[in-house]
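Participant: First the structure, then my questions, so here it is.
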Amino acid sequence: MVKDKVLRFVLGDQLSRWISSLEDARPDTDVIFMAEVMAEATSVKHHKKKIAFLFSAMRHFAENLRDEGFTVDYLCLDAQNSPGDFGSALAEAVERHDAARVVMTEPSEMRVLEAAESWREELDVDLDILADNRFLASHEDFVSWATKDDGGQPKSLRMEYFYREMRRRTGYLMDDGEPTGGEWNYDAENRKSLPDSIKVPKRPEFAPDETTRAVMELVADRFDGHFGDLEPFDYPVKAKDAKAYLDWFVAEALPCFGDWQDAMKQGEPLLFHSHLSTLINCGLLDPRECCEKAEQAYRDGDAPLNAVEGFIRQIIGWREFIRGVYWLKMPDYANSNALEATRPLPGFFWTGETAMNCLSQAISETRSNAYAHHIQRLMVIGNFCLIAGIDPREVQEWFLIVYSDAYEWVEMPNVVGMALFADGGFVASKPYAASGSYINKMSDYCGSCRFDVKQKSGEKACPFNYLYWNFLYENEKVLKKNHRMGLIMGSLGKMKKERLEEVRTDSERFFDSSEMRVWDESASG
Ligand code: FAD
Ligand code: DLZ
Ligand code: SF4
């Protein structure tokens with residue numbers, strides 16, 4: 001008898017019905033295989049909410065496929081004899097179903113892609129690894145853009161140029177071949193500070209259903225030692241709820257997304273941000289649909305151009321660019337450390353207990369929600385790690401653990417390239433380093449801080465103020481070669497000797513203080 005059964009292996013961040021591995025799936029002959037595996041859930045100690053979200057979304061996705069008539073072989077982590085990793089789970093499934101062939105979409109992370117290539121050798125059947133059709137730019141598209149001959153001009157691998165190409169290619173916000181409104185980018189309009197009177201729209205909450213509750217029990221039982229709060233849990237976990245949430249965002253928050261994109265406010269973890277990354281990255285939402293709905297809101301007069309262009313730029317610009325950088329630069333990218341930063345990550349990253357209010361707010365919100373918005377990630381947490389010289393490997397691991405949208409392909413270039421300048425300037429043309437005055441301008445955090453943002457030195461001074469100059473001093477050799485840093489490096493050069501000594505003494509005191517104490521897991525109980 002000729003074997004014709006195809007086993008279609010769907011990973012936890014591939015929950016899209018339109019994904020390449022399911023495109024020509026047939027309910028009569030094929031089996032869809034999905035697995036919750038311990039090795040993946042503990043590859044780093046993921047936030048409890050991230051595991052609960054993903055397992056619940058995976059179980060719902062499997063249920064939808066069954067409703068369509070597919071046979072889905074789904075391994076729950078709490079089931080007896082669940083194999084420990086993808087490779088052994090897949091090998092057993094091939095045997096169980098006597099499959100003739102395995103089809104999967106390429107994993108989003110190099111670690112898993114390399115493992116998948118080794119399964120090819122180990123399995124007795126063919127394994128087809130298909131391109132991920134959910135991204136708008138393929139690997140080849142990105143490489144061809146990055147290496148395109150610019151008529152002898154030096155190639156500038158800046159996101160902005162990639163983004164323009166993506167606008168032309170998708171046709172989003174284009175009128176007769178020209179960018180809508182005449183400009184490609186309205187970012188200059190998107191840096192307003194927040195007025196006190198601002199009213200933030202209330203988000204819809206998705207109460208845990210029976211499936212989510214079962215998963216939450218599993219997570220509480222098996223992953224108790226992981227970071228983060230499991231409850232309250234209100235993430236959408238079904239494709240139809242994710243779509244309803246997208247519609248809510250476009251109608252209620254998108255109109256203000258642009259103006260206050262860079263603002264931060266105590267007690268308002270989301271402001272007008274979309275909180276869509278978790279849903280897009282695991283496949284519940286199509287990035288194209290997000291952009292198309294946003295553009296429609298602009299065309300209907302329901303959202304302004306600066307908001308819609310800003311939102312579309314994040315998705316077809318930054319998100320795609322970041323993925324391109326990951327695959328272009330891996331595997332060496334993981335060990336980038338252009339500024340030779342070696343200080344260990346302070347323990348308050350796990351507790352939120354620090355006298356620096358901006359960090360305490362951003363980390364406490366991260367612990368509760370598995371979310372912080374971009375400016376908190378970049379200009380508070382990332383900025384601190386940059387100017388305090390924290391080891392990029394430790395920072396990467398922390399970011400991969402704590403956010404529900406974190407997968408290595410998107411976390412790593414954001415941390416290594418954007419926040420830490422550890423790639424020497426491939427992603428960012430200059431370091432995103434800032435003193436306390438930036439945080440004070442963009443937030444209301446400083447008003448309730450034990451430190452004084454106006455003081456430059458001494459015990460009460462905002463640590464961002466002296467750490468900023470100390471960072472420039474410690475990295476002078478590298479930074480003075482950066483033409484965008486010319487002005488500020490000139491100021492450092494002109495700084496009086498006594499003032500520089502003050503900066504160094506304040507910084508040393510800070511580095512020796514309890515704020516920088518590392519986390520002792522054994523002492524935490
Ligand atoms: P919004 O502000 O509403 O933006 C809309 C969408 O644009 C997002 O949902 C996301 O899909 C996309 N987007 C925006 N900026 C970026 C970016 N820089 N890279 C990729 N996509 C982007 N994003 C992740 O998805 N996963 C991560 O692990 C991650 N780690 C980060 C670490 C650091 C240090 C920094 C500075 C940024 C990181 N980002 C990461 C990018 C960005 O902060 C998040 O995508 C964003 O905060 C998610 O919230 P949102 O959905 O409300 O975004
Ligand atoms: C993040 C994650 C976790 C925590 N657990 C699983 C799992 O048990 N099964 C699974 O298929 N996927 C999981 N994921 C998502 C994977 O990490 C992600 O699909 C790969 O890393 C992609 O390369
Ligand atoms: Fe952060 Fe400094 Fe402001 Fe305190 S004073 S909240 S440490 S920026």
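Residues in the structure tokens are named by chain (A, B, ... in the order shown) and by number from 1 within that chain; ligands are numbered from 1 in the order shown.
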Got a sec to check which residues lie within 10 Å of ligand 3, using only C-alpha atoms and all ligand atoms, and send them as a ChimeraX atom specification?
Facilitator: /A:354-361,379-380,384,434-455,460-465
Participant: Quick one: everything within 12 Å of A:Ser118, counting only C-alpha atoms, minus sequence neighbours fewer than 6 positions away in the same chain. Send it as a ChimeraX atom specification.
Facilitator: /A:86-88,91,111-112,127,129
Participant: Run DSSP on the backbone and grab whatever in stretch 40-101 of chain A lands in strand (DSSP E or B); send it over as an MDAnalysis selection string.
Facilitator: chainID A and resid 71:75 101
Participant: Store the residues picked out above, limited to all heavy atoms, as a compact mmCIF listing (two decimals), in the first residue's frame.
Facilitator:
```txt
# COMPACT_ATOMS: atom_id res chain seq x y z
N THR A 71 -8.01 16.08 11.45
CA THR A 71 -7.53 15.30 12.58
C THR A 71 -6.35 16.06 13.15
O THR A 71 -5.38 16.34 12.43
CB THR A 71 -7.04 13.91 12.10
OG1 THR A 71 -8.13 13.29 11.42
CG2 THR A 71 -6.56 13.06 13.25
N VAL A 72 -6.45 16.42 14.42
CA VAL A 72 -5.33 17.13 15.05
C VAL A 72 -4.80 16.27 16.19
O VAL A 72 -5.54 15.90 17.10
CB VAL A 72 -5.77 18.51 15.61
CG1 VAL A 72 -4.56 19.27 16.16
CG2 VAL A 72 -6.45 19.35 14.53
N ASP A 73 -3.53 15.95 16.10
CA ASP A 73 -2.87 15.23 17.18
C ASP A 73 -2.21 16.30 18.04
O ASP A 73 -1.21 16.90 17.63
CB ASP A 73 -1.83 14.27 16.56
CG ASP A 73 -1.11 13.46 17.62
OD1 ASP A 73 -1.39 13.64 18.82
OD2 ASP A 73 -0.26 12.63 17.24
N TYR A 74 -2.76 16.55 19.21
CA TYR A 74 -2.28 17.65 20.04
C TYR A 74 -1.77 17.08 21.36
O TYR A 74 -2.52 16.45 22.10
CB TYR A 74 -3.43 18.64 20.31
CG TYR A 74 -2.98 19.89 21.02
CD1 TYR A 74 -2.78 21.07 20.33
CD2 TYR A 74 -2.71 19.88 22.40
CE1 TYR A 74 -2.34 22.22 20.97
CE2 TYR A 74 -2.26 21.03 23.04
CZ TYR A 74 -2.08 22.19 22.33
OH TYR A 74 -1.63 23.33 22.98
N LEU A 75 -0.50 17.31 21.66
CA LEU A 75 0.06 16.82 22.92
C LEU A 75 -0.02 17.91 23.98
O LEU A 75 0.61 18.96 23.84
CB LEU A 75 1.52 16.44 22.75
CG LEU A 75 1.87 15.25 21.87
CD1 LEU A 75 3.36 14.97 21.97
CD2 LEU A 75 1.09 14.02 22.29
N ARG A 101 5.25 11.76 4.99
CA ARG A 101 5.97 13.01 4.78
C ARG A 101 5.61 13.96 5.92
O ARG A 101 4.47 13.91 6.43
CB ARG A 101 5.49 13.59 3.44
CG ARG A 101 6.33 14.69 2.85
CD ARG A 101 6.06 14.80 1.33
NE ARG A 101 4.68 15.17 1.04
CZ ARG A 101 4.25 16.42 0.83
NH1 ARG A 101 5.08 17.43 0.90
NH2 ARG A 101 2.99 16.65 0.52
```
Participant: Nearest to ligand 2: which of A:Trp184, A:Tyr407, A:Phe206, A:Phe257 is it, counting only C-alpha atoms and all ligand atoms?
Facilitator: A:Tyr407
Participant: Could you tell me how far atom CA of A:Gln396 sits from atom CA of A:Asn133, in Å to one decimal place?
Facilitator: 26.9 Å
Participant: Can you tell me, as a PyMOL selection string, which residues in stretch 196-287 of chain A count as helix (DSSP H, G or I) by DSSP?
Facilitator: chain A and resi 210-222+239-257+277-281+287
Participant: As a count of residues only, please: every protein or nucleic acid residue near ligand 2 (cut-off 10 Å, counting only C-alpha atoms and all ligand atoms).
Facilitator: 59
Participant: Ranking A:Tyr473, A:Phe421, A:Tyr371, A:Phe348 by minimum distance to ligand 1 and counting only C-alpha atoms and all ligand atoms, which one comes first?
Facilitator: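 Using only C-alpha atoms and all ligand atoms, the shortest distance to ligand 1 belongs to A:Tyr371.
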Participant: Smallest atom-to-atom distance to A:Asp262: which of A:Arg167, A:Lys5, A:Arg377, A:His226, using only C-alpha atoms?
Facilitator: A:Arg377
